[in-house]
>>> print(open('entry-v5.cif').read())   # mmCIF, C-alpha atoms and all ligand atoms
data_input
#
loop_
_atom_site.label_atom_id
_atom_site.label_comp_id
_atom_site.auth_asym_id
_atom_site.auth_seq_id
_atom_site.Cartn_x
_atom_site.Cartn_y
_atom_site.Cartn_z
CA MET A 17 156.50 102.89 -227.75
CA HIS A 18 154.69 104.86 -225.07
CA PRO A 19 151.25 105.93 -226.40
CA GLN A 20 151.83 109.54 -225.35
CA LEU A 21 155.11 109.58 -227.24
CA GLU A 22 153.26 108.44 -230.32
CA VAL A 23 150.89 111.41 -229.98
CA LEU A 24 153.82 113.79 -229.43
CA LEU A 25 155.57 112.42 -232.50
CA GLN A 26 152.51 112.96 -234.65
CA ILE A 27 152.10 116.52 -233.39
CA GLN A 28 155.70 117.23 -234.17
CA ASP A 29 155.51 115.74 -237.65
CA LEU A 30 152.38 117.78 -238.41
CA LYS A 31 154.06 120.93 -237.15
CA ALA A 32 157.02 120.23 -239.43
CA GLN A 33 154.59 119.88 -242.35
CA LYS A 34 152.96 123.14 -241.37
CA ARG A 35 156.24 125.07 -241.12
CA GLU A 36 157.23 123.83 -244.55
CA LEU A 37 153.95 125.07 -246.04
CA GLU A 38 154.27 128.44 -244.32
CA GLU A 39 157.69 129.18 -245.77
CA ALA A 40 157.49 131.02 -249.08
CA GLY A 41 159.26 129.13 -251.87
CA GLY A 42 160.61 125.66 -251.08
CA GLY A 43 157.93 123.35 -249.77
CA ARG A 44 155.03 125.65 -250.40
CA GLN A 45 156.02 126.14 -254.02
CA VAL A 46 156.39 122.40 -254.65
CA GLN A 47 153.01 121.70 -253.06
CA GLU A 48 151.26 124.41 -255.04
CA GLU A 49 152.91 123.80 -258.39
CA GLN A 50 153.23 120.03 -258.50
CA PHE A 51 150.31 118.92 -256.37
CA LYS A 52 147.94 121.88 -256.86
CA LEU A 53 147.49 121.99 -253.09
CA ASP A 54 145.23 124.65 -251.64
CA VAL A 55 147.77 125.84 -249.06
CA PRO A 56 145.56 128.06 -246.86
CA ALA A 57 142.98 125.25 -246.56
CA ALA A 58 145.74 122.74 -245.84
CA LEU A 59 147.19 124.93 -243.08
CA GLU A 60 143.78 125.23 -241.49
CA ALA A 61 143.28 121.46 -241.62
CA LEU A 62 146.71 120.90 -240.07
CA ASP A 63 145.95 123.32 -237.24
CA GLY A 64 142.72 121.48 -236.49
CA LYS A 65 144.49 118.13 -236.40
CA ILE A 66 147.32 119.45 -234.20
CA GLU A 67 144.79 120.86 -231.75
CA GLU A 68 142.90 117.57 -231.67
CA LEU A 69 146.09 115.61 -230.93
CA GLU A 70 147.14 118.10 -228.23
CA GLY A 71 143.83 117.29 -226.58
CA ASP A 72 144.93 113.63 -226.43
CA LEU A 73 147.92 114.45 -224.22
CA ASP A 74 147.62 113.63 -220.51
CA PRO A 75 147.63 116.82 -218.42
CA PRO A 76 151.17 116.41 -216.97
CA VAL A 77 152.61 115.56 -220.40
CA ARG A 78 150.67 118.41 -221.94
CA ARG A 79 152.06 120.89 -219.40
CA ARG A 80 155.64 119.81 -220.16
CA TYR A 81 154.90 119.87 -223.88
CA GLU A 82 153.48 123.40 -223.70
CA ARG A 83 156.38 124.68 -221.63
CA MET A 84 158.83 123.37 -224.19
CA ALA A 85 156.78 124.17 -227.29
CA SER A 86 156.85 127.87 -226.49
CA GLY A 87 160.65 127.94 -226.70
CA ILE A 88 161.79 125.27 -229.16
CA THR A 89 160.42 123.90 -232.42
CA ARG A 90 161.03 120.24 -231.66
CA VAL A 91 159.89 118.83 -228.34
CA VAL A 92 160.66 115.24 -229.33
CA ALA A 93 164.22 114.45 -230.29
CA PRO A 94 165.46 111.23 -231.84
CA ALA A 95 168.02 109.33 -229.79
CA ILE A 96 170.38 107.67 -232.22
CA ASN A 97 173.25 105.46 -231.03
CA GLY A 98 172.83 106.74 -227.50
CA THR A 99 172.92 110.44 -228.39
CA CYS A 100 170.05 112.90 -228.00
CA TYR A 101 169.77 114.65 -231.37
CA GLY A 102 168.12 117.63 -229.72
CA CYS A 103 171.20 118.73 -227.79
CA PHE A 104 173.83 116.20 -228.99
CA VAL A 105 174.60 115.04 -225.48
CA SER A 106 174.90 111.33 -224.84
CA VAL A 107 171.88 109.74 -223.16
CA ALA A 108 172.57 107.71 -220.00
CA THR A 109 173.39 104.14 -221.07
CA SER A 110 170.72 102.68 -218.78
CA VAL A 111 168.09 104.75 -220.58
CA ALA A 112 169.42 103.88 -224.01
CA SER A 113 169.58 100.13 -223.59
CA ASP A 114 166.94 98.94 -221.14
CA ARG A 115 163.91 97.74 -223.08
CA SER A 116 161.32 98.58 -220.43
CA GLU A 117 162.85 102.03 -220.12
CA ARG A 118 162.56 102.45 -223.85
CA ASN A 119 158.86 101.76 -223.68
CA SER A 120 158.28 104.38 -221.01
CA LEU A 121 158.08 108.10 -221.71
CA ARG A 122 161.65 109.30 -221.35
CA SER A 123 163.22 112.71 -221.59
CA CYS A 124 166.77 113.84 -222.12
CA ASP A 125 168.40 114.75 -218.78
CA ASN A 126 170.27 117.57 -220.46
CA CYS A 127 167.70 119.41 -222.62
CA GLY A 128 164.41 117.97 -221.37
CA ARG A 129 163.12 116.91 -224.79
CA PHE A 130 161.06 113.75 -225.00
CA LEU A 131 163.19 111.02 -226.52
CA TYR A 132 162.32 108.81 -229.45
CA PHE A 133 164.73 105.92 -229.85
CA VAL A 134 165.52 105.33 -233.49
CA SER A 135 166.99 101.92 -234.20
CA MET B 16 172.20 114.53 -257.43
CA VAL B 17 170.30 112.01 -259.56
CA LEU B 18 167.26 109.95 -258.59
CA ARG B 19 168.99 106.67 -259.31
CA GLU B 20 171.18 107.15 -256.21
CA PHE B 21 168.16 106.86 -253.95
CA PHE B 22 166.79 103.57 -255.24
CA ASP B 23 167.91 100.00 -255.07
CA LYS B 24 165.95 97.02 -256.32
CA ASP B 25 164.67 96.09 -252.84
CA VAL B 26 162.43 99.16 -252.80
CA VAL B 27 160.89 98.51 -256.20
CA ALA B 28 157.69 96.43 -256.36
CA LEU B 29 156.20 95.96 -259.80
CA ASP B 30 153.30 93.83 -258.68
CA LEU B 31 151.41 95.61 -255.91
CA GLN B 32 148.17 93.87 -254.97
CA GLY B 33 146.13 96.52 -253.18
CA ASP B 34 142.81 97.73 -254.53
CA SER B 35 142.45 100.85 -252.39
CA LYS B 36 144.55 103.86 -251.50
CA ASP B 37 145.08 102.51 -247.95
CA GLU B 38 146.20 99.10 -249.12
CA ILE B 39 148.63 100.59 -251.61
CA LEU B 40 150.11 102.95 -249.01
CA LYS B 41 150.64 100.02 -246.64
CA GLU B 42 152.36 97.97 -249.33
CA LEU B 43 154.64 100.87 -250.20
CA ILE B 44 155.51 101.47 -246.54
CA ALA B 45 156.35 97.78 -246.13
CA LEU B 46 159.07 98.19 -248.77
CA LEU B 47 160.98 100.43 -246.35
CA ALA B 48 161.31 97.60 -243.79
CA LEU B 49 160.58 99.68 -240.69
CA ASP B 50 159.33 98.30 -237.38
CA GLU B 51 155.59 97.83 -236.99
CA LYS B 52 155.02 100.87 -234.78
CA SER B 53 156.89 103.14 -237.19
CA GLU B 54 154.89 101.72 -240.09
CA GLY B 55 151.67 102.63 -238.28
CA ILE B 56 152.77 106.20 -237.61
CA LEU B 57 153.99 106.65 -241.15
CA PHE B 58 150.70 105.36 -242.54
CA LYS B 59 148.78 107.94 -240.47
CA MET B 60 151.06 110.74 -241.63
CA LEU B 61 150.76 109.78 -245.30
CA LYS B 62 146.99 109.53 -244.98
CA ARG B 63 146.87 112.99 -243.45
CA ARG B 64 148.86 114.39 -246.35
CA GLU B 65 146.48 112.70 -248.78
CA ASN B 66 143.53 114.18 -246.90
CA LEU B 67 144.90 117.68 -247.50
CA GLY B 68 144.84 116.95 -251.24
CA SER B 69 145.70 113.91 -253.35
CA THR B 70 149.32 113.39 -254.35
CA GLY B 71 148.10 111.87 -257.60
CA ILE B 72 149.65 114.29 -260.11
CA GLY B 73 148.09 112.83 -263.24
CA ARG B 74 149.27 110.46 -266.02
CA GLY B 75 148.62 107.53 -263.68
CA ILE B 76 151.33 108.67 -261.25
CA ALA B 77 151.11 109.51 -257.54
CA ILE B 78 153.84 110.67 -255.17
CA PRO B 79 152.70 110.03 -251.59
CA HIS B 80 155.14 111.83 -249.30
CA CYS B 81 155.68 113.24 -245.84
CA ARG B 82 158.28 114.07 -243.28
CA SER B 83 158.43 111.91 -240.19
CA LEU B 84 160.75 111.24 -237.30
CA VAL B 85 160.29 107.50 -237.83
CA VAL B 86 162.99 107.59 -240.51
CA ASN B 87 166.49 108.84 -239.90
CA ARG B 88 167.32 109.53 -243.55
CA LEU B 89 165.51 110.10 -246.82
CA ARG B 90 163.71 106.92 -247.90
CA ILE B 91 162.11 106.22 -251.27
CA ALA B 92 160.17 103.36 -252.82
CA PHE B 93 158.44 102.67 -256.13
CA GLY B 94 155.41 100.48 -256.67
CA ARG B 95 153.21 99.58 -259.63
CA ARG B 96 149.63 98.36 -259.59
CA LYS B 97 148.82 97.22 -263.08
CA ALA B 98 145.06 97.33 -262.57
CA GLY B 99 145.17 100.93 -261.30
CA VAL B 100 143.67 102.31 -258.11
CA GLU B 101 141.26 105.17 -257.48
CA PHE B 102 143.45 107.83 -255.83
CA LYS B 103 141.48 111.05 -256.37
CA ALA B 104 144.23 112.19 -258.74
CA ILE B 105 144.23 115.67 -260.27
CA ASP B 106 143.05 114.29 -263.63
CA ASP B 107 140.59 111.87 -261.98
CA HIS B 108 142.24 108.89 -263.65
CA PRO B 109 143.21 105.77 -261.69
CA VAL B 110 146.82 105.62 -260.50
CA HIS B 111 149.18 102.83 -261.53
CA TYR B 112 152.59 104.13 -260.47
CA PHE B 113 153.52 105.20 -256.97
CA PHE B 114 156.63 106.91 -255.70
CA LEU B 115 156.82 106.99 -251.90
CA ILE B 116 159.10 109.60 -250.33
CA VAL B 117 159.71 109.98 -246.60
CA ALA B 118 162.26 112.19 -244.92
CA PRO B 119 163.08 113.11 -241.34
CA PRO B 120 161.87 116.57 -240.22
CA LEU B 121 165.42 117.87 -240.23
CA GLU B 122 167.85 116.60 -242.81
CA VAL B 123 171.40 117.76 -242.93
CA SER B 124 171.60 117.24 -246.67
CA ASN B 125 168.20 118.80 -247.47
CA GLN B 126 167.36 116.33 -250.20
CA TYR B 127 163.63 115.94 -249.61
CA LEU B 128 162.26 118.86 -251.65
CA PRO B 129 164.73 118.51 -254.54
CA VAL B 130 163.94 114.78 -254.77
CA LEU B 131 160.21 115.48 -254.66
CA GLY B 132 160.68 117.99 -257.47
CA LYS B 133 162.80 115.58 -259.51
CA ILE B 134 160.25 112.80 -259.27
CA ALA B 135 157.52 115.20 -260.38
CA GLN B 136 159.79 116.18 -263.28
CA PHE B 137 160.45 112.52 -264.14
CA ALA B 138 156.69 111.92 -264.15
CA LYS B 139 156.28 114.58 -266.84
CA GLU B 140 158.97 113.20 -269.16
CA PRO B 141 157.63 111.96 -272.49
CA GLN B 142 156.79 108.24 -272.60
CA VAL B 143 157.36 107.71 -268.87
CA PRO B 144 153.96 106.13 -268.06
CA GLU B 145 154.23 103.86 -271.11
CA ARG B 146 157.74 102.80 -270.13
CA LEU B 147 156.72 102.18 -266.51
CA ALA B 148 153.88 100.00 -267.78
CA LYS B 149 156.29 97.79 -269.71
CA LEU B 150 158.84 97.21 -266.95
CA GLU B 151 159.46 93.56 -266.21
CA THR B 152 162.14 93.73 -263.54
CA PRO B 153 163.25 96.21 -260.86
CA GLU B 154 166.56 96.46 -262.71
CA GLU B 155 164.72 97.84 -265.74
CA PHE B 156 163.17 100.50 -263.52
CA LEU B 157 166.63 101.53 -262.29
CA ALA B 158 167.89 101.58 -265.87
CA LEU B 159 164.99 103.84 -266.89
CA LEU B 160 165.93 106.33 -264.16
CA GLU B 161 169.50 106.31 -265.41
CA GLU B 162 168.42 106.75 -268.99
CA LYS B 163 166.24 109.76 -268.18
CA SER B 164 169.07 111.07 -265.99
CA VAL B 165 166.83 113.16 -263.78
ZN ZN A 201 168.90 116.45 -225.18
#
>>> encode(input="entry-v5.cif", output="structure tokens")
Amino acid sequence: MHPQLEVLLQIQDLKAQKRELEEAGGGRQVQEEQFKLDVPAALEALDGKIEELEGDLDPPVRRRYERMASGITRVVAPAINGTCYGCFVSVATSVASDRSERNSLRSCDNCGRFLYFVS
Amino acid sequence: MVLREFFDKDVVALDLQGDSKDEILKELIALLALDEKSEGILFKMLKRRENLGSTGIGRGIAIPHCRSLVVNRLRIAFGRRKAGVEFKAIDDHPVHYFFLIVAPPLEVSNQYLPVLGKIAQFAKEPQVPERLAKLETPEEFLALLEEKSV
């Protein structure tokens, strides 16, 4: 996996965690009631970590990430069985199968999201 | 939906060896049989959740959990460490029983939170820690879930 993709994935997972804590009921309620989590402190910690990881992105990747992040919630989409799960359009076969291609930082030709190949 | 549906005996380990939170998390992750890179990412995510506040909910039970793109469906595992491990649990007692839950960020079926809630509920059932302590086979663990019908 491309190291920058790994950073992007972590940012995205942390943002998902954050969204879940921000929504009243659901995730927030479970975290507060079952795990006695201090939600405001947790949100602050998540923000700090997200910012730190964003700082690890190379400038060109960061620019693309920021452009996308302003419009969509998920900038990395899983590619499963040759389909981008961001836009549900099939990913070019050469991209989906070639191992060296898989290890480079690839984006979906259709929606522009960074692709994470799930096997 | 019942918890039993989400487990099979391959994801039940009654003899974990780790002596620290990190070692236990790694052993639990290994039960999911992911690739090495995914295991590494998942470990970091679980650690970050633990750093926000321990998932040790008391009575010797912890429920490490997170969402991550490294899985494409809800995944669960159960592990037991007879000797107990310091996990910074709510009641400050060592943890012996671990339920690992991982779900993708977006799930069509939305099972993650209900399952998390059900496991927390299971953990509060009378006699559960005592019964978990006495398990001898993964099959007995599955039978216990069925019996409690959570
Ligand atoms: Zn796409």
>>> atom_distance(input="entry-v5.cif", atom1="atom CA of Val17 of chain B", atom2="atom CA of Pro129 of chain B")
9.9 Å
>>> interface_residues(input="entry-v5.cif", of="chain B", to="chain A", cutoff="8 Å", atoms="all atoms listed in the file", output="count of residues only")
22
>>> residues_around(input="entry-v5.cif", residues="Cys103 of chain A", least_positions_apart="3", cutoff="8 Å", atoms="all atoms listed in the file", output="PyMOL selection string")
chain A and resi 100+126-127
>>> residues_near_ligand(input="entry-v5.cif", ligand="ligand ZN 201 (chain A)", cutoff="9 Å", atoms="only C-alpha atoms and all ligand atoms", output="PDB file with C-alpha atoms, keeping the file's coordinate frame")
ATOM      1  CA  ALA A  93     164.220 114.450-230.290  1.00  0.00           C
ATOM      2  CA  ALA A  95     168.020 109.330-229.790  1.00  0.00           C
ATOM      3  CA  THR A  99     172.920 110.440-228.390  1.00  0.00           C
ATOM      4  CA  CYS A 100     170.050 112.900-228.000  1.00  0.00           C
ATOM      5  CA  TYR A 101     169.770 114.650-231.370  1.00  0.00           C
ATOM      6  CA  GLY A 102     168.120 117.630-229.720  1.00  0.00           C
ATOM      7  CA  CYS A 103     171.200 118.730-227.790  1.00  0.00           C
ATOM      8  CA  PHE A 104     173.830 116.200-228.990  1.00  0.00           C
ATOM      9  CA  VAL A 105     174.600 115.040-225.480  1.00  0.00           C
ATOM     10  CA  SER A 106     174.900 111.330-224.840  1.00  0.00           C
ATOM     11  CA  VAL A 107     171.880 109.740-223.160  1.00  0.00           C
ATOM     12  CA  SER A 123     163.220 112.710-221.590  1.00  0.00           C
ATOM     13  CA  CYS A 124     166.770 113.840-222.120  1.00  0.00           C
ATOM     14  CA  ASP A 125     168.400 114.750-218.780  1.00  0.00           C
ATOM     15  CA  ASN A 126     170.270 117.570-220.460  1.00  0.00           C
ATOM     16  CA  CYS A 127     167.700 119.410-222.620  1.00  0.00           C
ATOM     17  CA  GLY A 128     164.410 117.970-221.370  1.00  0.00           C
ATOM     18  CA  ARG A 129     163.120 116.910-224.790  1.00  0.00           C
ATOM     19  CA  PHE A 130     161.060 113.750-225.000  1.00  0.00           C
ATOM     20  CA  LEU A 131     163.190 111.020-226.520  1.00  0.00           C
TER      21      LEU A 131
END
>>> atom_distance(input="entry-v5.cif", atom1="atom CA of Glu65 of chain B", atom2="atom CA of Lys163 of chain B")
27.8 Å
>>> residues_around(input="entry-v5.cif", residues="segment 35-44 of chain B", least_positions_apart="2", cutoff="8 Å", atoms="only C-alpha atoms", output="list in words")
Leu31, Gln32, Gly33, Leu46, Leu47, Ala48, Leu49, Glu54, Leu57, Phe58, Leu61, Lys62, Pro79, Ala92, Phe93, Gly94, Val100, Glu101, Phe102 and Leu115 of chain B
>>> closest_residue(input="entry-v5.cif", among="B:Glu145, B:Arg74, B:Arg64, B:Asp50", to="Lys34 of chain A", atoms="all atoms listed in the file")
B:Arg64
>>> atom_distance(input="entry-v5.cif", atom1="atom CA of Tyr112 of chain B", atom2="atom CA of Glu162 of chain B")
18.2 Å
>>> closest_residue(input="entry-v5.cif", among="A:Asp74, A:Asn97, A:Gly64, A:Ser120", to="Arg63 of chain B", atoms="all atoms listed in the file")
A:Gly64
>>> closest_residue(input="entry-v5.cif", among="B:Ala45, B:Met16, B:Leu89, B:Leu159", to="Glu122 of chain B", atoms="only C-alpha atoms")
B:Leu89
>>> closest_residue(input="entry-v5.cif", among="B:Leu157, B:Ile91, B:Val110, B:Ile76", to="Glu140 of chain B", atoms="all atoms listed in the file")
B:Ile76
>>> closest_residue(input="entry-v5.cif", among="B:Arg90, B:Lys97, B:Ala28, B:Asp23", to="Gln126 of chain B", atoms="all atoms listed in the file")
B:Arg90
